[in-house]
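structure-v8.cif, holding mmCIF, C-alpha atoms:
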data_coords
loop_
_atom_site.label_atom_id
_atom_site.label_comp_id
_atom_site.auth_asym_id
_atom_site.auth_seq_id
_atom_site.Cartn_x
_atom_site.Cartn_y
_atom_site.Cartn_z
CA MET A 19 -11.64 19.07 -20.11
CA THR A 20 -11.12 16.48 -22.80
CA GLN A 21 -7.51 15.70 -23.57
CA SER A 22 -6.27 13.43 -26.31
CA ARG A 23 -4.15 11.52 -23.79
CA PRO A 24 -4.66 12.21 -20.08
CA GLU A 25 -1.53 12.66 -17.99
CA PHE A 26 -2.28 9.59 -15.88
CA LEU A 27 -2.22 7.43 -19.04
CA ASP A 28 1.27 8.71 -19.79
CA HIS A 29 2.31 7.92 -16.21
CA LEU A 30 0.72 4.47 -16.41
CA SER A 31 2.52 3.79 -19.69
CA ALA A 32 5.79 4.87 -18.10
CA LEU A 33 5.18 2.52 -15.18
CA ILE A 34 4.52 -0.34 -17.57
CA ARG A 35 7.76 0.44 -19.43
CA GLY A 36 9.54 0.77 -16.10
CA THR A 37 10.45 4.42 -16.57
CA THR A 38 8.71 7.26 -14.80
CA GLY A 39 11.03 9.99 -15.97
CA ARG A 40 11.65 11.00 -12.39
CA ARG A 41 14.99 10.99 -10.67
CA ARG A 42 15.47 8.83 -7.65
CA SER A 43 16.15 10.61 -4.44
CA ASN A 44 19.00 9.65 -2.16
CA ARG A 45 16.65 9.54 0.79
CA ARG A 46 14.83 6.37 1.52
CA SER A 47 11.20 6.33 0.43
CA THR A 48 8.51 4.84 2.56
CA SER A 49 6.87 2.36 0.24
CA PRO A 50 3.48 0.99 1.15
CA SER A 51 3.46 -2.66 2.10
CA LEU A 52 1.85 -5.21 -0.14
CA LYS A 53 -0.11 -7.83 1.77
CA VAL A 54 -0.21 -11.29 0.20
CA ASN A 55 -1.23 -14.65 1.54
CA SER A 56 1.44 -17.06 2.79
CA GLU A 57 1.32 -19.28 -0.34
CA THR A 58 1.87 -16.27 -2.63
CA ASP A 59 4.69 -15.03 -0.39
CA ARG A 60 6.32 -18.47 -0.60
CA VAL A 61 6.12 -18.42 -4.42
CA ILE A 62 7.56 -14.89 -4.53
CA SER A 63 10.36 -15.85 -2.14
CA HIS A 64 11.34 -18.92 -4.15
CA GLY A 65 11.15 -17.07 -7.45
CA ALA A 66 13.27 -14.20 -6.15
CA HIS A 67 15.82 -16.59 -4.69
CA PHE A 68 16.29 -18.60 -7.87
CA LEU A 69 16.26 -15.53 -10.13
CA HIS A 70 18.79 -13.78 -7.85
CA VAL A 71 16.64 -10.68 -7.35
CA THR A 72 14.92 -9.19 -4.34
CA LYS A 73 11.28 -9.95 -3.67
CA LYS A 74 10.53 -6.28 -4.32
CA GLU A 75 12.28 -6.42 -7.72
CA LEU A 76 10.45 -9.62 -8.68
CA VAL A 77 7.02 -8.23 -7.77
CA ALA A 78 7.71 -4.91 -9.54
CA GLN A 79 8.81 -6.63 -12.73
CA ALA A 80 5.92 -9.13 -12.56
CA VAL A 81 3.39 -6.32 -12.24
CA ARG A 82 4.92 -4.46 -15.20
CA VAL A 83 4.82 -7.62 -17.34
CA TYR A 84 1.25 -8.43 -16.26
CA LEU A 85 0.03 -4.93 -17.12
CA LYS A 86 1.93 -4.98 -20.41
CA VAL A 87 0.27 -8.27 -21.39
CA ARG A 88 -3.15 -6.84 -20.47
CA GLN A 89 -2.44 -3.34 -21.80
CA ALA A 90 -5.24 -3.38 -24.40
CA GLU A 91 -7.77 -4.48 -21.78
CA LEU A 92 -6.49 -1.85 -19.36
CA HIS A 93 -6.62 0.87 -22.01
CA THR A 94 -10.21 -0.07 -22.88
CA ALA A 95 -11.27 0.06 -19.22
CA ILE A 96 -9.60 3.45 -18.75
CA GLN A 97 -11.26 4.84 -21.88
CA GLU A 98 -14.66 3.58 -20.70
CA ALA A 99 -14.13 5.23 -17.32
CA MET A 100 -12.99 8.49 -18.92
CA ALA A 101 -16.05 8.50 -21.21
CA GLN A 102 -18.27 8.57 -18.13
CA LEU A 103 -16.71 11.79 -16.89
CA ASP A 104 -18.32 15.01 -18.06
CA GLY A 105 -16.53 17.44 -15.77
CA THR A 106 -19.18 17.41 -13.05
CA HIS A 107 -18.71 16.40 -9.44
CA ALA A 108 -21.70 14.06 -9.82
CA ALA A 109 -19.93 12.21 -12.65
CA ARG A 110 -16.83 11.73 -10.50
CA VAL A 111 -18.91 10.44 -7.58
CA ALA A 112 -20.80 8.09 -9.91
CA LEU A 113 -17.58 6.69 -11.34
CA VAL A 114 -15.99 6.11 -7.94
CA SER A 115 -19.12 4.82 -6.19
CA GLY A 116 -20.56 2.71 -8.99
CA LEU A 117 -23.92 4.45 -8.62
CA THR A 118 -25.73 6.03 -11.53
CA LYS A 119 -26.32 9.79 -11.57
CA GLY A 120 -30.02 9.01 -11.06
CA GLN A 121 -29.27 6.98 -7.95
CA ILE A 122 -27.09 9.78 -6.62
CA GLU A 123 -29.92 12.28 -7.16
CA GLU A 124 -32.34 9.94 -5.35
CA LEU A 125 -29.96 9.94 -2.38
CA GLY A 126 -29.87 13.74 -2.27
CA GLY A 127 -27.40 14.53 -5.01
CA VAL A 128 -24.00 16.13 -4.68
CA GLU A 129 -23.03 19.75 -4.50
CA GLU A 130 -21.35 20.97 -7.67
CA ARG A 131 -18.34 23.17 -7.01
#

Show me the file's structure as structure tokens.
Amino acid sequence: MTQSRPEFLDHLSALIRGTTGRRRSNRRSTSPSLKVNSETDRVISHGAHFLHVTKKELVAQAVRVYLKVRQAELHTAIQEAMAQLDGTHAARVALVSGLTKGQIEELGGVEER
């Protein structure tokens, strides 16, 4: 199951570039809310006001820029995570839980599908 470039990396790269290759629908999407503290909300509000953009546009662009700046670090972390996967259910559980395969076995293991 090893691919030279997993699909989610392509999608992540597209998000960083600001293009997902998908058409926008005319219907309104239900976007999840982003919870921030009041100080952060104040900074976002002021920034959006003075840059003449919506708060949503400011946050979206800021996230893209932040991930672009840290792209090498992000890529390294993704590659390290991918290297841990060997196609087994136990490897996926270990990656998500932070437990080692040995610890998972000590707790009763996982059923391979």

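If you look at atom CA of A:Gly65 and atom CA of A:Ala90, they are 27.3 Å away from each other.
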
Counting all atoms listed in the file, what is within 12 Å of stretch 51-59 of chain A, bar same-chain residues fewer than 4 positions away, as a PDB file with C-alpha atoms, in the frame of the given file?
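Listed below is the output, out-v6.pdb:
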ATOM      1  CA  SER A  47      11.200   6.330   0.430  1.00  0.00           C
ATOM      2  CA  SER A  63      10.360 -15.850  -2.140  1.00  0.00           C
ATOM      3  CA  HIS A  64      11.340 -18.920  -4.150  1.00  0.00           C
ATOM      4  CA  GLY A  65      11.150 -17.070  -7.450  1.00  0.00           C
ATOM      5  CA  ALA A  66      13.270 -14.200  -6.150  1.00  0.00           C
ATOM      6  CA  LYS A  73      11.280  -9.950  -3.670  1.00  0.00           C
ATOM      7  CA  LYS A  74      10.530  -6.280  -4.320  1.00  0.00           C
ATOM      8  CA  LEU A  76      10.450  -9.620  -8.680  1.00  0.00           C
ATOM      9  CA  VAL A  77       7.020  -8.230  -7.770  1.00  0.00           C
ATOM     10  CA  ALA A  78       7.710  -4.910  -9.540  1.00  0.00           C
TER      11      ALA A  78
END

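Among the candidates A:His67, A:Arg131, A:Asp104, A:Pro50, the one nearest to A:Lys119 when counting all atoms listed in the file is A:Asp104.
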
Who sits within 10 Å of stretch 106-108 of chain A, all atoms listed in the file, same chain under 2 positions skipped, as an NGL selection string: :A and (103-104 or 110-114 or 117-120 or 122-123 or 127-131)

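Across the model, the gap from atom CA of A:Ala101 to atom CA of A:Val87 is 23.4 Å.
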
Reconstruct N, CA and C atoms of stretch 101-124 of chain A from the incomplete input and present them as a tab-separated table (two decimals), in the frame of the given file.
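Contents of part.tsv, as written:
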chain	number	residue	atom	x	y	z
A	101	ALA	N	-14.86	8.11	-20.44
A	101	ALA	CA	-16.05	8.50	-21.21
A	101	ALA	C	-17.21	8.85	-20.29
A	102	GLN	N	-17.20	8.30	-19.09
A	102	GLN	CA	-18.27	8.57	-18.13
A	102	GLN	C	-18.13	9.94	-17.49
A	103	LEU	N	-16.95	10.50	-17.54
A	103	LEU	CA	-16.71	11.79	-16.89
A	103	LEU	C	-17.13	12.93	-17.81
A	104	ASP	N	-17.91	13.86	-17.27
A	104	ASP	CA	-18.32	15.01	-18.06
A	104	ASP	C	-17.92	16.33	-17.41
A	105	GLY	N	-17.01	16.24	-16.44
A	105	GLY	CA	-16.53	17.44	-15.77
A	105	GLY	C	-17.32	17.82	-14.53
A	106	THR	N	-18.38	17.08	-14.22
A	106	THR	CA	-19.18	17.41	-13.05
A	106	THR	C	-18.74	16.58	-11.85
A	107	HIS	N	-19.02	17.12	-10.68
A	107	HIS	CA	-18.71	16.40	-9.44
A	107	HIS	C	-19.57	15.13	-9.37
A	108	ALA	N	-20.81	15.22	-9.83
A	108	ALA	CA	-21.70	14.06	-9.82
A	108	ALA	C	-21.13	12.93	-10.67
A	109	ALA	N	-20.52	13.25	-11.79
A	109	ALA	CA	-19.93	12.21	-12.65
A	109	ALA	C	-18.76	11.54	-11.95
A	110	ARG	N	-17.96	12.31	-11.23
A	110	ARG	CA	-16.83	11.73	-10.50
A	110	ARG	C	-17.32	10.81	-9.38
A	111	VAL	N	-18.35	11.26	-8.66
A	111	VAL	CA	-18.91	10.44	-7.58
A	111	VAL	C	-19.51	9.16	-8.16
A	112	ALA	N	-20.20	9.27	-9.27
A	112	ALA	CA	-20.80	8.09	-9.91
A	112	ALA	C	-19.73	7.10	-10.32
A	113	LEU	N	-18.65	7.58	-10.90
A	113	LEU	CA	-17.58	6.69	-11.34
A	113	LEU	C	-16.93	5.97	-10.16
A	114	VAL	N	-16.66	6.70	-9.10
A	114	VAL	CA	-15.99	6.11	-7.94
A	114	VAL	C	-16.92	5.19	-7.15
A	115	SER	N	-18.19	5.58	-7.03
A	115	SER	CA	-19.12	4.82	-6.19
A	115	SER	C	-19.78	3.66	-6.91
A	116	GLY	N	-19.85	3.74	-8.25
A	116	GLY	CA	-20.56	2.71	-8.99
A	116	GLY	C	-22.05	2.97	-9.10
A	117	LEU	N	-22.51	4.07	-8.52
A	117	LEU	CA	-23.92	4.45	-8.62
A	117	LEU	C	-24.16	5.23	-9.91
A	118	THR	N	-25.39	5.21	-10.37
A	118	THR	CA	-25.73	6.03	-11.53
A	118	THR	C	-26.00	7.45	-11.04
A	119	LYS	N	-26.01	8.41	-11.96
A	119	LYS	CA	-26.32	9.79	-11.57
A	119	LYS	C	-27.73	9.86	-11.01
A	120	GLY	N	-28.64	9.05	-11.56
A	120	GLY	CA	-30.02	9.01	-11.06
A	120	GLY	C	-30.07	8.53	-9.62
A	121	GLN	N	-29.30	7.50	-9.32
A	121	GLN	CA	-29.27	6.98	-7.95
A	121	GLN	C	-28.68	8.02	-6.99
A	122	ILE	N	-27.69	8.74	-7.45
A	122	ILE	CA	-27.09	9.78	-6.62
A	122	ILE	C	-28.10	10.87	-6.33
A	123	GLU	N	-28.87	11.26	-7.34
A	123	GLU	CA	-29.92	12.28	-7.16
A	123	GLU	C	-30.97	11.79	-6.18
A	124	GLU	N	-31.35	10.51	-6.28
A	124	GLU	CA	-32.34	9.94	-5.35
A	124	GLU	C	-31.85	9.99	-3.91
